[in-house]
Amino acid sequence: MAAFGRPLIISKDPMFSNRYAARVVGASVCLAACVTTVAAQASGGIATPPVPQAKPELPRKFTPLPTSPAITPQDLMSRLYVFADDSMQGREAGTPGHVRGTEYIVRELTRLGLKPMGENGTYYQVVPLVNSKLDMVSATLKSDGRPLVAGRDFQPVPGVLGLDFPVHANVQSAPFVFGGRLGANDAIRPDSAKGKIIVFTPPVGQNGMPGYQIWALDQQLASYKDAAGVLVSSLELTPPPLIAVLQDEQMELQKPESQSDKPPIAIISQATVSQLFGAPADSLRVGRAGKAGTFTFGFKNDPPPAPSRNVVAMVEGSDPRLKGQMIAISAHSDHVGLSSEKFDHDSLRLLDVITRPMGAESGERPLTPPERAKFMAALDSVRKLRPPRPDSISNGADDDGSGSMGLLELAEYFQTLPQKPKRSMLFVWNVAEEKGLFGSEWFTEHPTVPRDSIIADINIDMIGRGDADDLENGGPDYLQILGSRRLSTEYGDWIEEVNKKPGFNFRFDYQFDAPGHPQQYYCRSDHWNFARWAIPTVFFSTGSHVDYHMVTDEPEYIDYTHYAKVVQFVGAVASDIAARPNRPLVDKPKPDPHGECKQ
């Protein structure tokens with residue numbers, strides 16, 4: 001699951017920042033190479049969920065076993081230990097590690113004989129991603145021909161990271177005009193800003209311009225769309241961590257630039273205000289004009305080191321009338337890759353168990369004295385069993401190795417059925433979900449099948465955990481569900497009906513589907529890109545946990561019994577939809593396919 005969606009991707013830095021000093025254990029210690037294999041039996045078109053058993057301790061490494069047509073914990077374990085192995089190097093989009101991950105999926109699809117539904121008769125759909133970086137050398141801000149220094153006197157804020165600003169500025173000659181305090185009643189009127197570079201002081205209480213305020217500017221500047229440019233001052237240029245993010249290389253989806261309804265923007269220092277007007281900001285009146293100037297910036301775009309590709313395959317339906325309709329089942333194949341630092345895996349995990357129970361979702365904090373004593377005692381116990389375990393690979397076993405391998409297990413299940421479902425099953429492994437849902441955005445805008453032939457989407461992301469050790473209300477019957485009734489009432493009803501069948505009876509947790517929920521889960525995975533095109537969708541997850549976006553998200557911490565039950569349930573839902581006489585009725589308002597996602 002994407003860290004916080006594109007608008008808040010800056011918050012992803014806890015995984016990679018220098019604030020992560022030596023971290024210190026895993027509350028779960030794997031000592032035995034054991035896993036209970038539960039034979040799944042066919043029942044009602046889908047394998048019967050296994051009987052819950054005591055959670056075993058799992059090995060760090062596991063030799064894959066041949067998979068079977070049924071959906072079983074052993075099959076999922078065999079697949080996930082391959083897909084989330086260190087050799088995949090965290091499967092970051094645009095890297096050789098991700099290519100290896102998708103090649104494994106394609107080898108399995110080829111072996112199973114699924115129909116390729118990518119481009120040019122292959123399973124792949126190329127997604128045009130680029131690594132974009134502000135060209136700070138060519139960025140200019142001049143007053144009366146005198147240049148200011150980019151990164152010291154001004155910092156462009158480009159249309160990346162989910163900000164709806166232009167991705168470049170090219171203002172060659174426009175007057176600087178003081179606009180007052182942004183958002184104040186006496187600030188310059190929008191109709192007086194046309195064709196001018198407006199200089200604002202920051203909103204009340206935000207003189208320091210902390211990073212999150214940049215996203216507030218995104219909304220506040222909408223009314224100044226006719227300004228040639230906007231400059232907002234801060235006490236210092238802008239916080240160094242935010243400068244680092246704005247200047248850092250970011251992966252973006254390469255596509256024709258859309259016309260922004262906001263002017264280009266930069267943050268400037270208070271000293272720069274004085275240079276532009278010959279006087280400090282607190283002495284200026286709204287409407288004070290300075291000399292004409294220029295404001296330019298742009299990007300350098302380079303291809304990533306390796307191709308970025310979605311994987312698409314199909315099991316064709318058996319009904320001649322209905323097989324042209326498809327149920328899409330989606331997951332993302334990428335994760336966040338390698339850390340620039342090495343951590344002691346066990347120490348990091350124990351520290352996070354105490355201070356960051358939801359992994360990167362939790363804010364960092366220091367240990368209290370009692371917590372430190374507890375931590376050191378646990379660390380001492382583990383050190384008697386094994387030495388430190390250096391780790392710098394975010395393996396992404398749950399996020400979203402669990403969804404990707406669940407999808408592969410479903411592909412084998414449906415492909416090996418003697419009687420195929422009436423409607424076709426479309427399997428989509430999306431790339432670059434972690435970068436901003438780019439793979440699913442590209443697929444739904446450039447589908448390899450007719451878009452209106454996709455009658456529903458089932459998205460699975462982080463489905464391998466969810467027990468009481470992970471969540472306060474977790475357990476073997478726990479399952480989060482989002483979006484099932486946002487477009488179609490009966491789609492949600494059908495899913496509830498399937499859950500009443502013997503062997504399921506999940507406790508559905510709908511809390512994260514609530515409008516405005518602060519976690520914003522509805523906007524943070526690939527289902528949204530199907531929903532924005534009015535395709536009824538549901539997002540299943542077993543939720544966040546201590547290993548979310550950490551180097552500790554490893555296959556050994558997955559609950560394979562619970563995981564298998566979720567995958568079996570997804571198969572049952574897909575089978576149910578495929579057999580219905582009608583596609584799910586869209587009876588709710590359709591979103592603007594080019595609009596922003598709203599939780």
# chains A, B, ... in the order shown; residues from 1 in each chain; ligands from 1

call {"tool": "select_by_dssp", "arguments": {"residues": "stretch 391-553 of chain A", "states": "strand (DSSP E or B)", "output": "PyMOL selection string"}}
result
chain A and resi 391-393+424-430+454-460+478-482+507-509+537-541

call {"tool": "write_last_selection", "arguments": {"atoms": "C-alpha atoms", "output": "PDB file, in the first residue's frame"}}
result
ATOM      1  CA  ASP A 391      19.393  -5.766   6.884  1.00  0.00           C
ATOM      2  CA  SER A 392      18.878  -3.041   4.290  1.00  0.00           C
ATOM      3  CA  ILE A 393      16.250  -4.676   2.038  1.00  0.00           C
ATOM      4  CA  SER A 424     -13.560 -14.090 -17.737  1.00  0.00           C
ATOM      5  CA  MET A 425     -11.046 -13.441 -14.954  1.00  0.00           C
ATOM      6  CA  LEU A 426      -8.539 -10.660 -15.658  1.00  0.00           C
ATOM      7  CA  PHE A 427      -5.429 -10.648 -13.454  1.00  0.00           C
ATOM      8  CA  VAL A 428      -3.534  -7.359 -13.221  1.00  0.00           C
ATOM      9  CA  TRP A 429      -0.225  -6.920 -11.386  1.00  0.00           C
ATOM     10  CA  ASN A 430       0.317  -3.158 -11.247  1.00  0.00           C
ATOM     11  CA  ILE A 454     -14.416  -4.808 -16.844  1.00  0.00           C
ATOM     12  CA  ILE A 455     -17.565  -5.116 -14.756  1.00  0.00           C
ATOM     13  CA  ALA A 456     -15.871  -5.137 -11.325  1.00  0.00           C
ATOM     14  CA  ASP A 457     -12.470  -4.972  -9.659  1.00  0.00           C
ATOM     15  CA  ILE A 458     -11.250  -6.810  -6.556  1.00  0.00           C
ATOM     16  CA  ASN A 459      -8.045  -5.268  -5.230  1.00  0.00           C
ATOM     17  CA  ILE A 460      -5.898  -7.096  -2.663  1.00  0.00           C
ATOM     18  CA  TYR A 478     -10.468 -10.225  10.610  1.00  0.00           C
ATOM     19  CA  LEU A 479     -10.699  -8.475   7.217  1.00  0.00           C
ATOM     20  CA  GLN A 480     -10.768  -4.808   6.236  1.00  0.00           C
ATOM     21  CA  ILE A 481     -13.090  -3.871   3.397  1.00  0.00           C
ATOM     22  CA  LEU A 482     -13.256  -0.572   1.546  1.00  0.00           C
ATOM     23  CA  ARG A 507     -15.549  -9.909  10.682  1.00  0.00           C
ATOM     24  CA  PHE A 508     -15.579  -7.106   8.149  1.00  0.00           C
ATOM     25  CA  ASP A 509     -13.940  -3.929   9.393  1.00  0.00           C
ATOM     26  CA  THR A 537     -14.486  -2.077  -6.826  1.00  0.00           C
ATOM     27  CA  VAL A 538     -13.640  -3.501  -3.434  1.00  0.00           C
ATOM     28  CA  PHE A 539     -10.360  -3.284  -1.556  1.00  0.00           C
ATOM     29  CA  PHE A 540      -9.526  -6.137   0.823  1.00  0.00           C
ATOM     30  CA  SER A 541      -6.704  -5.877   3.355  1.00  0.00           C
TER      31      SER A 541
END

call {"tool": "residues_around", "arguments": {"residues": "stretch 411-422 of chain A", "least_positions_apart": "6", "cutoff": "7 Å", "atoms": "only C-alpha atoms", "output": "ChimeraX atom specification"}}
result
/A:69-71,112,114,315,317-319,322-323,575,578-579

call {"tool": "write_last_selection", "arguments": {"atoms": "C-alpha atoms", "output": "PDB file, in the first residue's frame"}}
result
ATOM      1  CA  PRO A  69      -4.676 -26.344  -8.067  1.00  0.00           C
ATOM      2  CA  ALA A  70      -6.210 -25.700  -4.631  1.00  0.00           C
ATOM      3  CA  ILE A  71      -5.495 -22.513  -2.684  1.00  0.00           C
ATOM      4  CA  LEU A 112       0.055 -22.474 -16.199  1.00  0.00           C
ATOM      5  CA  LEU A 114      -2.993 -18.276 -18.954  1.00  0.00           C
ATOM      6  CA  VAL A 315      -8.639 -16.992 -17.769  1.00  0.00           C
ATOM      7  CA  GLY A 317     -14.905 -17.453 -19.374  1.00  0.00           C
ATOM      8  CA  SER A 318     -16.974 -20.451 -20.459  1.00  0.00           C
ATOM      9  CA  ASP A 319     -20.235 -18.717 -21.415  1.00  0.00           C
ATOM     10  CA  LEU A 322     -20.715 -13.490 -20.968  1.00  0.00           C
ATOM     11  CA  LYS A 323     -17.033 -14.252 -21.477  1.00  0.00           C
ATOM     12  CA  SER A 575     -16.736 -16.778  -8.754  1.00  0.00           C
ATOM     13  CA  ALA A 578     -18.908 -14.325 -12.619  1.00  0.00           C
ATOM     14  CA  ALA A 579     -22.022 -16.459 -12.204  1.00  0.00           C
TER      15      ALA A 579
END

call {"tool": "atom_distance", "arguments": {"atom1": "atom CA of A:Ala331", "atom2": "atom CA of A:Asp526"}}
result
7.3 Å

call {"tool": "closest_residue", "arguments": {"among": "A:Arg60, A:Lys588, A:His527, A:Arg389", "to": "A:Ser330", "atoms": "only C-alpha atoms"}}
result
A:His527

call {"tool": "residues_around", "arguments": {"residues": "A:Val431", "least_positions_apart": "5", "cutoff": "9 Å", "atoms": "only C-alpha atoms", "output": "number ranges by chain"}}
result
A: 92-94, 98, 127, 308-311, 331-335, 437-440

call {"tool": "write_last_selection", "arguments": {"atoms": "N, CA and C atoms", "output": "PDB file, in the first residue's frame"}}
result
ATOM      1  N   GLU A  92      11.647  -2.386  -6.048  1.00  0.00           N
ATOM      2  CA  GLU A  92      11.298  -0.994  -6.343  1.00  0.00           C
ATOM      3  C   GLU A  92      11.063  -0.828  -7.832  1.00  0.00           C
ATOM      4  N   ALA A  93      10.028  -0.091  -8.196  1.00  0.00           N
ATOM      5  CA  ALA A  93       9.708   0.133  -9.605  1.00  0.00           C
ATOM      6  C   ALA A  93      10.899   0.731 -10.333  1.00  0.00           C
ATOM      7  N   GLY A  94      11.126   0.257 -11.554  1.00  0.00           N
ATOM      8  CA  GLY A  94      12.209   0.789 -12.360  1.00  0.00           C
ATOM      9  C   GLY A  94      13.581   0.266 -12.008  1.00  0.00           C
ATOM     10  N   HIS A  98      12.724  -5.344  -9.371  1.00  0.00           N
ATOM     11  CA  HIS A  98      11.314  -5.450  -9.761  1.00  0.00           C
ATOM     12  C   HIS A  98      11.166  -6.254 -11.036  1.00  0.00           C
ATOM     13  N   VAL A 127       4.885   0.671 -18.742  1.00  0.00           N
ATOM     14  CA  VAL A 127       4.378   1.896 -18.122  1.00  0.00           C
ATOM     15  C   VAL A 127       5.488   2.940 -18.217  1.00  0.00           C
ATOM     16  N   SER A 308       9.667  -0.541 -16.461  1.00  0.00           N
ATOM     17  CA  SER A 308       8.564  -0.661 -15.507  1.00  0.00           C
ATOM     18  C   SER A 308       7.360  -1.221 -16.252  1.00  0.00           C
ATOM     19  N   ARG A 309       6.850  -2.357 -15.777  1.00  0.00           N
ATOM     20  CA  ARG A 309       5.813  -3.045 -16.541  1.00  0.00           C
ATOM     21  C   ARG A 309       4.717  -3.603 -15.643  1.00  0.00           C
ATOM     22  N   ASN A 310       3.480  -3.385 -16.064  1.00  0.00           N
ATOM     23  CA  ASN A 310       2.367  -4.145 -15.511  1.00  0.00           C
ATOM     24  C   ASN A 310       2.402  -5.550 -16.110  1.00  0.00           C
ATOM     25  N   VAL A 311       1.797  -6.497 -15.409  1.00  0.00           N
ATOM     26  CA  VAL A 311       1.617  -7.852 -15.937  1.00  0.00           C
ATOM     27  C   VAL A 311       0.118  -8.118 -15.994  1.00  0.00           C
ATOM     28  N   ALA A 331      -3.462  -6.396  -7.849  1.00  0.00           N
ATOM     29  CA  ALA A 331      -2.521  -6.250  -6.740  1.00  0.00           C
ATOM     30  C   ALA A 331      -1.323  -5.490  -7.298  1.00  0.00           C
ATOM     31  N   HIS A 332      -0.467  -4.975  -6.435  1.00  0.00           N
ATOM     32  CA  HIS A 332       0.728  -4.300  -6.953  1.00  0.00           C
ATOM     33  C   HIS A 332       1.964  -5.136  -6.678  1.00  0.00           C
ATOM     34  N   SER A 333       2.842  -5.162  -7.668  1.00  0.00           N
ATOM     35  CA  SER A 333       4.013  -6.037  -7.607  1.00  0.00           C
ATOM     36  C   SER A 333       5.254  -5.346  -7.058  1.00  0.00           C
ATOM     37  N   ASP A 334       5.214  -4.034  -6.893  1.00  0.00           N
ATOM     38  CA  ASP A 334       6.399  -3.296  -6.460  1.00  0.00           C
ATOM     39  C   ASP A 334       6.393  -3.073  -4.949  1.00  0.00           C
ATOM     40  N   HIS A 335       7.560  -2.720  -4.432  1.00  0.00           N
ATOM     41  CA  HIS A 335       7.682  -2.264  -3.043  1.00  0.00           C
ATOM     42  C   HIS A 335       8.667  -1.103  -3.017  1.00  0.00           C
ATOM     43  N   LEU A 437       0.485   5.150  -7.440  1.00  0.00           N
ATOM     44  CA  LEU A 437      -0.555   4.388  -8.155  1.00  0.00           C
ATOM     45  C   LEU A 437      -0.387   4.502  -9.679  1.00  0.00           C
ATOM     46  N   PHE A 438       0.854   4.605 -10.145  1.00  0.00           N
ATOM     47  CA  PHE A 438       1.089   4.891 -11.557  1.00  0.00           C
ATOM     48  C   PHE A 438       0.719   3.741 -12.477  1.00  0.00           C
ATOM     49  N   GLY A 439       1.021   2.497 -12.073  1.00  0.00           N
ATOM     50  CA  GLY A 439       0.729   1.370 -12.947  1.00  0.00           C
ATOM     51  C   GLY A 439      -0.758   1.216 -13.198  1.00  0.00           C
ATOM     52  N   SER A 440      -1.564   1.314 -12.150  1.00  0.00           N
ATOM     53  CA  SER A 440      -3.011   1.182 -12.327  1.00  0.00           C
ATOM     54  C   SER A 440      -3.588   2.405 -13.032  1.00  0.00           C
TER      55      SER A 440
END

call {"tool": "residues_around", "arguments": {"residues": "A:His549", "least_positions_apart": "2", "cutoff": "9 Å", "atoms": "only C-alpha atoms", "output": "ChimeraX atom specification"}}
result
/A:1,3,12,15,335-336,359-361,394,396,399,546-547,551-553

call {"tool": "atom_distance", "arguments": {"atom1": "atom CA of A:Gln220", "atom2": "atom CA of A:Gly595"}}
result
17.7 Å

call {"tool": "select_by_dssp", "arguments": {"residues": "stretch 82-177 of chain A", "states": "helix (DSSP H, G or I)", "output": "tab-separated table (two decimals) with C-alpha atoms, in the first residue's frame"}}
result
chain	number	residue	atom	x	y	z
A	82	VAL	CA	10.49	-16.60	-3.74
A	83	PHE	CA	8.82	-13.27	-4.50
A	86	ASP	CA	16.46	-10.77	-0.77
A	87	SER	CA	17.41	-11.44	-4.40
A	88	MET	CA	14.46	-9.24	-5.48
A	89	GLN	CA	16.09	-6.30	-3.64
A	90	GLY	CA	12.79	-4.86	-2.49
A	91	ARG	CA	11.17	-4.78	-5.98
A	96	PRO	CA	16.34	-4.85	-11.85
A	97	GLY	CA	14.84	-6.27	-8.65
A	98	HIS	CA	11.31	-5.45	-9.76
A	99	VAL	CA	12.05	-6.88	-13.21
A	100	ARG	CA	13.08	-10.16	-11.54
A	101	GLY	CA	9.84	-10.17	-9.57
A	102	THR	CA	7.66	-9.73	-12.66
A	103	GLU	CA	9.70	-12.29	-14.57
A	104	TYR	CA	8.89	-14.83	-11.86
A	105	ILE	CA	5.16	-14.03	-12.23
A	106	VAL	CA	5.36	-14.36	-16.03
A	107	ARG	CA	7.22	-17.69	-15.82
A	108	GLU	CA	4.42	-19.04	-13.66
A	109	LEU	CA	1.69	-17.67	-15.94
A	110	THR	CA	3.43	-19.24	-18.92
A	111	ARG	CA	3.75	-22.57	-17.12
A	112	LEU	CA	0.06	-22.47	-16.20

call {"tool": "atom_distance", "arguments": {"atom1": "atom CA of A:Ala222", "atom2": "atom CA of A:Met136"}}
result
25.4 Å

call {"tool": "closest_residue", "arguments": {"among": "A:Thr542, A:Asn529, A:Thr489, A:Thr368", "to": "A:Asp398", "atoms": "only C-alpha atoms"}}
result
A:Thr542

call {"tool": "residues_around", "arguments": {"residues": "A:Ala184", "least_positions_apart": "3", "cutoff": "9 Å", "atoms": "only C-alpha atoms", "output": "list in words"}}
result
Gly180, Arg181, Ala187, Ile188, Pro203 and Val204 of chain A

call {"tool": "residues_around", "arguments": {"residues": "A:Met376", "least_positions_apart": "5", "cutoff": "12 Å", "atoms": "only C-alpha atoms", "output": "PyMOL selection string"}}
result
chain A and resi 23-25+346-347+350-351+354+367+369-371+381-383

call {"tool": "decode", "arguments": {"residues": "stretch 97-109 of chain A", "atoms": "N, CA and C atoms", "output": "JSON list (two decimals), in the first residue's frame"}}
result
[["chain", "number", "residue", "atom", "x", "y", "z"],
["A", 97, "GLY", "N", 15.54, -5.41, -9.61],
["A", 97, "GLY", "CA", 14.84, -6.27, -8.65],
["A", 97, "GLY", "C", 13.38, -6.43, -8.98],
["A", 98, "HIS", "N", 12.72, -5.34, -9.37],
["A", 98, "HIS", "CA", 11.31, -5.45, -9.76],
["A", 98, "HIS", "C", 11.17, -6.25, -11.04],
["A", 99, "VAL", "N", 12.09, -6.08, -11.97],
["A", 99, "VAL", "CA", 12.05, -6.88, -13.21],
["A", 99, "VAL", "C", 12.11, -8.37, -12.87],
["A", 100, "ARG", "N", 13.00, -8.74, -11.94],
["A", 100, "ARG", "CA", 13.08, -10.16, -11.54],
["A", 100, "ARG", "C", 11.77, -10.64, -10.94],
["A", 101, "GLY", "N", 11.12, -9.78, -10.16],
["A", 101, "GLY", "CA", 9.84, -10.17, -9.57],
["A", 101, "GLY", "C", 8.78, -10.42, -10.62],
["A", 102, "THR", "N", 8.67, -9.53, -11.61],
["A", 102, "THR", "CA", 7.66, -9.73, -12.66],
["A", 102, "THR", "C", 8.02, -10.90, -13.57],
["A", 103, "GLU", "N", 9.31, -11.13, -13.77],
["A", 103, "GLU", "CA", 9.70, -12.29, -14.57],
["A", 103, "GLU", "C", 9.29, -13.60, -13.90],
["A", 104, "TYR", "N", 9.37, -13.64, -12.57],
["A", 104, "TYR", "CA", 8.89, -14.83, -11.86],
["A", 104, "TYR", "C", 7.39, -15.02, -12.10],
["A", 105, "ILE", "N", 6.61, -13.93, -12.00],
["A", 105, "ILE", "CA", 5.16, -14.03, -12.23],
["A", 105, "ILE", "C", 4.90, -14.54, -13.64],
["A", 106, "VAL", "N", 5.60, -13.98, -14.63],
["A", 106, "VAL", "CA", 5.36, -14.36, -16.03],
["A", 106, "VAL", "C", 5.78, -15.80, -16.28],
["A", 107, "ARG", "N", 6.85, -16.26, -15.66],
["A", 107, "ARG", "CA", 7.22, -17.69, -15.82],
["A", 107, "ARG", "C", 6.10, -18.59, -15.32],
["A", 108, "GLU", "N", 5.51, -18.23, -14.20],
["A", 108, "GLU", "CA", 4.42, -19.04, -13.66],
["A", 108, "GLU", "C", 3.18, -18.97, -14.55],
["A", 109, "LEU", "N", 2.85, -17.80, -15.05],
["A", 109, "LEU", "CA", 1.69, -17.67, -15.94],
["A", 109, "LEU", "C", 1.91, -18.48, -17.22]]
